$ cat my_file_26.cif   # mmCIF, C-alpha atoms
data_query
#
loop_
_atom_site.label_atom_id
_atom_site.label_comp_id
_atom_site.auth_asym_id
_atom_site.auth_seq_id
_atom_site.Cartn_x
_atom_site.Cartn_y
_atom_site.Cartn_z
CA MET A 1 8.97 26.48 0.71
CA VAL A 2 8.39 26.90 -3.01
CA HIS A 3 4.85 26.30 -4.34
CA SER A 4 4.73 22.66 -5.38
CA ASP A 5 3.42 23.38 -8.90
CA VAL A 6 6.80 24.93 -9.66
CA LEU A 7 8.66 21.81 -8.55
CA ASP A 8 6.14 19.51 -10.28
CA ARG A 9 6.80 21.26 -13.60
CA ALA A 10 10.57 21.45 -13.07
CA PHE A 11 10.98 17.73 -12.25
CA ALA A 12 8.55 16.67 -15.00
CA ALA A 13 10.59 18.72 -17.48
CA LEU A 14 13.79 17.01 -16.28
CA ALA A 15 12.25 13.54 -16.83
CA ASP A 16 13.31 13.38 -20.49
CA PRO A 17 16.80 12.72 -21.95
CA THR A 18 16.46 15.24 -24.81
CA ARG A 19 15.38 18.00 -22.45
CA ARG A 20 18.22 17.20 -20.03
CA ALA A 21 20.67 17.28 -22.97
CA VAL A 22 19.33 20.71 -23.99
CA LEU A 23 19.94 22.03 -20.45
CA GLU A 24 23.48 20.60 -20.51
CA THR A 25 24.18 22.32 -23.85
CA LEU A 26 22.83 25.63 -22.59
CA GLY A 27 24.82 25.17 -19.37
CA ARG A 28 27.98 24.77 -21.45
CA GLN A 29 27.31 27.35 -24.18
CA GLY A 30 25.10 29.85 -22.37
CA SER A 31 22.88 30.43 -25.39
CA ALA A 32 21.84 28.51 -28.54
CA THR A 33 19.31 28.80 -31.35
CA VAL A 34 16.54 26.23 -31.86
CA SER A 35 18.36 24.90 -34.96
CA GLU A 36 21.65 24.51 -33.07
CA LEU A 37 19.87 22.64 -30.28
CA THR A 38 18.06 20.34 -32.75
CA GLU A 39 21.17 19.40 -34.77
CA PRO A 40 22.66 16.68 -32.49
CA PHE A 41 19.32 14.82 -32.29
CA GLU A 42 17.45 12.72 -34.81
CA ILE A 43 14.27 14.69 -34.28
CA SER A 44 12.44 17.39 -36.22
CA ILE A 45 12.53 21.11 -35.39
CA THR A 46 8.81 20.74 -34.46
CA ALA A 47 9.59 17.98 -31.94
CA MET A 48 12.41 20.10 -30.47
CA LYS A 49 10.09 23.12 -30.21
CA LYS A 50 7.70 20.99 -28.13
CA HIS A 51 10.54 20.04 -25.75
CA LEU A 52 11.60 23.70 -25.51
CA ALA A 53 8.00 24.70 -24.74
CA VAL A 54 7.97 22.24 -21.80
CA LEU A 55 11.28 23.67 -20.52
CA GLU A 56 10.02 27.24 -20.96
CA GLU A 57 6.70 26.42 -19.22
CA ALA A 58 8.75 25.02 -16.31
CA GLU A 59 10.77 28.27 -16.44
CA LEU A 60 13.99 26.26 -16.76
CA ILE A 61 14.83 28.20 -19.93
CA THR A 62 13.91 31.54 -21.46
CA THR A 63 13.63 32.12 -25.21
CA GLU A 64 13.91 35.33 -27.21
CA LYS A 65 13.24 36.04 -30.85
CA VAL A 66 16.34 37.67 -32.42
CA GLY A 67 15.83 38.50 -36.09
CA ARG A 68 14.66 35.28 -37.76
CA SER A 69 15.87 32.88 -35.11
CA ARG A 70 14.90 32.11 -31.52
CA HIS A 71 17.66 32.12 -28.90
CA CYS A 72 17.39 29.94 -25.80
CA ARG A 73 19.10 30.49 -22.45
CA LEU A 74 18.96 28.78 -19.07
CA GLY A 75 16.40 30.19 -16.64
CA THR A 76 17.62 30.84 -13.11
CA ASP A 77 14.90 31.20 -10.46
CA ARG A 78 13.03 27.94 -11.05
CA LEU A 79 16.25 26.06 -11.29
CA ASP A 80 17.24 27.44 -7.91
CA ASP A 81 13.87 26.34 -6.49
CA ALA A 82 14.34 22.78 -7.73
CA MET A 83 17.92 22.75 -6.44
CA ALA A 84 16.77 24.07 -3.05
CA TRP A 85 14.36 21.16 -2.66
CA ILE A 86 16.96 18.64 -3.79
CA SER A 87 19.62 20.02 -1.43
CA PHE A 88 17.16 19.95 1.45
CA TYR A 89 16.25 16.37 0.65
CA GLN A 90 19.90 15.42 0.17
CA ARG A 91 20.74 16.83 3.63
CA LEU A 92 17.93 14.79 5.20
CA TRP A 93 19.25 11.73 3.44
CA GLU A 94 22.88 12.31 4.43
CA ARG A 95 21.83 12.81 8.04
CA ARG A 96 20.05 9.41 7.88
CA LEU A 97 23.18 7.80 6.43
CA ASP A 98 25.32 9.38 9.18
CA GLY A 99 22.86 7.97 11.71
CA LEU A 100 22.98 4.51 10.16
CA ASP A 101 26.75 4.65 9.97
CA ALA A 102 26.97 5.55 13.66
CA TYR A 103 24.52 2.73 14.44
CA PHE A 104 26.53 0.09 12.53
CA THR A 105 29.84 1.33 14.01
CA LEU A 106 28.28 1.06 17.47
CA ARG A 107 26.92 -2.43 16.72
CA LYS A 108 30.24 -3.58 15.30
CA GLY A 109 31.97 -2.28 18.45
CA GLN A 110 29.49 -4.16 20.64
CA GLN A 111 29.94 -7.41 18.67
CA GLU A 112 33.73 -7.14 18.83
CA SER A 113 33.89 -6.40 22.56
CA MET B 1 26.92 8.21 -17.25
CA VAL B 2 23.78 6.54 -15.89
CA HIS B 3 21.31 5.06 -18.40
CA SER B 4 18.75 7.75 -19.10
CA ASP B 5 15.72 5.50 -18.34
CA VAL B 6 16.83 5.52 -14.71
CA LEU B 7 16.89 9.34 -14.58
CA ASP B 8 13.62 9.59 -16.54
CA ARG B 9 11.87 7.46 -13.93
CA ALA B 10 13.55 9.19 -10.99
CA PHE B 11 12.64 12.72 -12.11
CA ALA B 12 9.12 11.70 -13.17
CA ALA B 13 8.63 10.18 -9.70
CA LEU B 14 9.83 13.45 -8.09
CA ALA B 15 7.31 15.49 -10.14
CA ASP B 16 4.51 15.04 -7.58
CA PRO B 17 4.05 16.77 -4.19
CA THR B 18 2.71 13.66 -2.39
CA ARG B 19 5.61 11.53 -3.59
CA ARG B 20 8.13 14.22 -2.58
CA ALA B 21 6.48 14.43 0.86
CA VAL B 22 6.79 10.64 1.23
CA LEU B 23 10.52 10.84 0.47
CA GLU B 24 10.90 13.65 3.02
CA THR B 25 9.12 11.56 5.67
CA LEU B 26 11.28 8.52 4.93
CA GLY B 27 14.36 10.78 4.96
CA ARG B 28 13.40 11.96 8.46
CA GLN B 29 12.09 8.68 9.92
CA GLY B 30 14.08 6.11 7.95
CA SER B 31 11.15 3.71 7.70
CA ALA B 32 7.34 3.92 7.74
CA THR B 33 4.35 1.69 7.03
CA VAL B 34 1.90 2.42 4.19
CA SER B 35 -0.75 3.48 6.78
CA GLU B 36 1.66 5.86 8.52
CA LEU B 37 2.59 7.43 5.17
CA THR B 38 -1.08 7.80 4.16
CA GLU B 39 -2.23 9.42 7.41
CA PRO B 40 -1.14 13.06 6.79
CA PHE B 41 -2.85 13.15 3.36
CA GLU B 42 -6.49 13.32 2.37
CA ILE B 43 -6.10 10.36 0.04
CA SER B 44 -7.05 6.68 0.21
CA ILE B 45 -4.63 3.85 0.98
CA THR B 46 -5.15 2.73 -2.66
CA ALA B 47 -4.07 6.13 -3.99
CA MET B 48 -1.00 6.09 -1.70
CA LYS B 49 -0.14 2.56 -2.87
CA LYS B 50 -0.09 3.85 -6.47
CA HIS B 51 2.31 6.65 -5.49
CA LEU B 52 4.51 4.14 -3.64
CA ALA B 53 4.52 1.86 -6.71
CA VAL B 54 5.85 4.78 -8.83
CA LEU B 55 8.58 5.48 -6.25
CA GLU B 56 9.45 1.76 -6.05
CA GLU B 57 9.52 1.42 -9.87
CA ALA B 58 11.92 4.40 -9.93
CA GLU B 59 13.92 2.58 -7.22
CA LEU B 60 13.72 5.64 -4.98
CA ILE B 61 12.22 3.48 -2.22
CA THR B 62 12.20 -0.20 -1.29
CA THR B 63 9.26 -1.91 0.39
CA GLU B 64 9.15 -5.06 2.49
CA LYS B 65 6.22 -7.03 3.86
CA VAL B 66 6.61 -7.42 7.64
CA GLY B 67 3.76 -9.43 9.15
CA ARG B 68 0.53 -7.77 8.02
CA SER B 69 2.03 -4.40 7.09
CA ARG B 70 4.37 -3.17 4.39
CA HIS B 71 7.40 -1.14 5.48
CA CYS B 72 8.91 1.48 3.17
CA ARG B 73 12.47 2.78 3.19
CA LEU B 74 14.46 5.14 0.98
CA GLY B 75 16.36 3.49 -1.87
CA THR B 76 19.97 4.57 -2.31
CA ASP B 77 21.51 3.79 -5.72
CA ARG B 78 18.94 5.48 -7.95
CA LEU B 79 18.85 8.47 -5.72
CA ASP B 80 22.61 8.77 -6.05
CA ASP B 81 22.27 8.54 -9.86
CA ALA B 82 19.75 11.39 -9.94
CA MET B 83 21.90 13.43 -7.57
CA ALA B 84 24.99 12.79 -9.72
CA TRP B 85 23.24 14.23 -12.76
CA ILE B 86 21.93 17.20 -10.82
CA SER B 87 25.33 17.97 -9.30
CA PHE B 88 26.98 17.73 -12.71
CA TYR B 89 24.38 20.08 -14.15
CA GLN B 90 24.64 22.42 -11.16
CA ARG B 91 28.43 22.63 -11.65
CA LEU B 92 27.96 23.51 -15.33
CA TRP B 93 25.48 26.16 -14.32
CA GLU B 94 27.67 27.64 -11.57
CA ARG B 95 30.60 27.79 -13.97
CA ARG B 96 28.38 29.79 -16.39
CA LEU B 97 27.40 32.14 -13.58
CA ASP B 98 31.05 32.58 -12.57
CA GLY B 99 31.83 33.37 -16.21
CA LEU B 100 29.00 35.91 -16.42
CA ASP B 101 30.04 37.43 -13.12
CA ALA B 102 33.62 37.83 -14.35
CA TYR B 103 32.28 39.33 -17.58
CA PHE B 104 30.12 41.92 -15.81
CA THR B 105 32.89 42.78 -13.33
CA LEU B 106 35.22 43.30 -16.28
CA ARG B 107 32.65 45.42 -18.11
CA LYS B 108 31.94 47.47 -14.99
CA GLY B 109 35.70 48.07 -14.58
CA GLN B 110 35.98 49.17 -18.20
CA GLN B 111 33.03 51.56 -17.87
CA GLU B 112 34.41 53.10 -14.67
CA SER B 113 37.93 53.64 -16.02
#
$ encode --input "my_file_26.cif" --output "structure tokens"
Amino acid sequence: MVHSDVLDRAFAALADPTRRAVLETLGRQGSATVSELTEPFEISITAMKKHLAVLEEAELITTEKVGRSRHCRLGTDRLDDAMAWISFYQRLWERRLDGLDAYFTLRKGQQES
Amino acid sequence: MVHSDVLDRAFAALADPTRRAVLETLGRQGSATVSELTEPFEISITAMKKHLAVLEEAELITTEKVGRSRHCRLGTDRLDDAMAWISFYQRLWERRLDGLDAYFTLRKGQQES
């Protein structure tokens, strides 16, 4: 299992609507500059840079200086780690629901008979 | 789309190893008392109660007083909301990867010919 620090940082980074919107944009476009990412929001470039630093620290994005602008892209490994935990958890949960469903079907059958 | 406060709280609640472990236990067992949940950790009942309050506030669990103990269960709706966002984001991401894969396959083909 992934070291929990990695998941702590990934989920904490996801706990903000601006940061989630940035990931959605990068998911759609593949790459964007800091200015392009800031444009749709009513926040300063400085505020956006702080959000990007949190995402970069969580390794959910990578950034690269190209000429005078900084280009952002989605990271891959950490995202996979977070997804792996979520999928694992989701499977546990679905198995519980299947169990409950079977239980209620059984109960219903018993009440009807 | 779900109101972002809901996702903020859900992801923030997931950003802690103890809270994730609690969800895993509830996913496996379905229900557990506060004492049962505290047992595997080197933390006090008070510290666990704080974690459970965060999970309950995020609506990831529900708790119910039964006699002298409090029983915890997984919540459903909020979990589904968080999963919906993640799945949406994962699809965006996979589509990007498919696009990149197609691009590199194309490039490789061009280089080989």
$ atom_distance --input "my_file_26.cif" --atom1 "atom CA of Thr63 of chain B" --atom2 "atom CA of Ser4 of chain A"
25.6 Å
$ interface_residues --input "my_file_26.cif" --of "chain A" --to "chain B" --cutoff "8 Å" --atoms "all atoms listed in the file" --output "ChimeraX atom specification"
/A:4,7-12,14-17,23-24,27-28,30,89,92-93,96
$ atom_distance --input "my_file_26.cif" --atom1 "atom CA of Glu36 of chain B" --atom2 "atom CA of Glu57 of chain B"
20.5 Å
$ atom_distance --input "my_file_26.cif" --atom1 "atom CA of Arg68 of chain A" --atom2 "atom CA of Thr33 of chain A"
10.2 Å
$ residues_around --input "my_file_26.cif" --residues "segment 43-45 of chain A" --least-positions-apart "5" --cutoff "8 Å" --atoms "only C-alpha atoms" --output "mmCIF file with C-alpha atoms, keeping the file's coordinate frame"
data_model
loop_
_atom_site.group_PDB
_atom_site.id
_atom_site.type_symbol
_atom_site.label_atom_id
_atom_site.label_comp_id
_atom_site.auth_asym_id
_atom_site.auth_seq_id
_atom_site.Cartn_x
_atom_site.Cartn_y
_atom_site.Cartn_z
ATOM 1 C CA VAL A 34 16.540 26.230 -31.860
ATOM 2 C CA SER A 35 18.360 24.900 -34.960
ATOM 3 C CA THR A 38 18.060 20.340 -32.750
#
$ residues_around --input "my_file_26.cif" --residues "Gly75 of chain B" --least-positions-apart "3" --cutoff "6 Å" --atoms "all atoms listed in the file" --output "ChimeraX atom specification"
/B:59-62
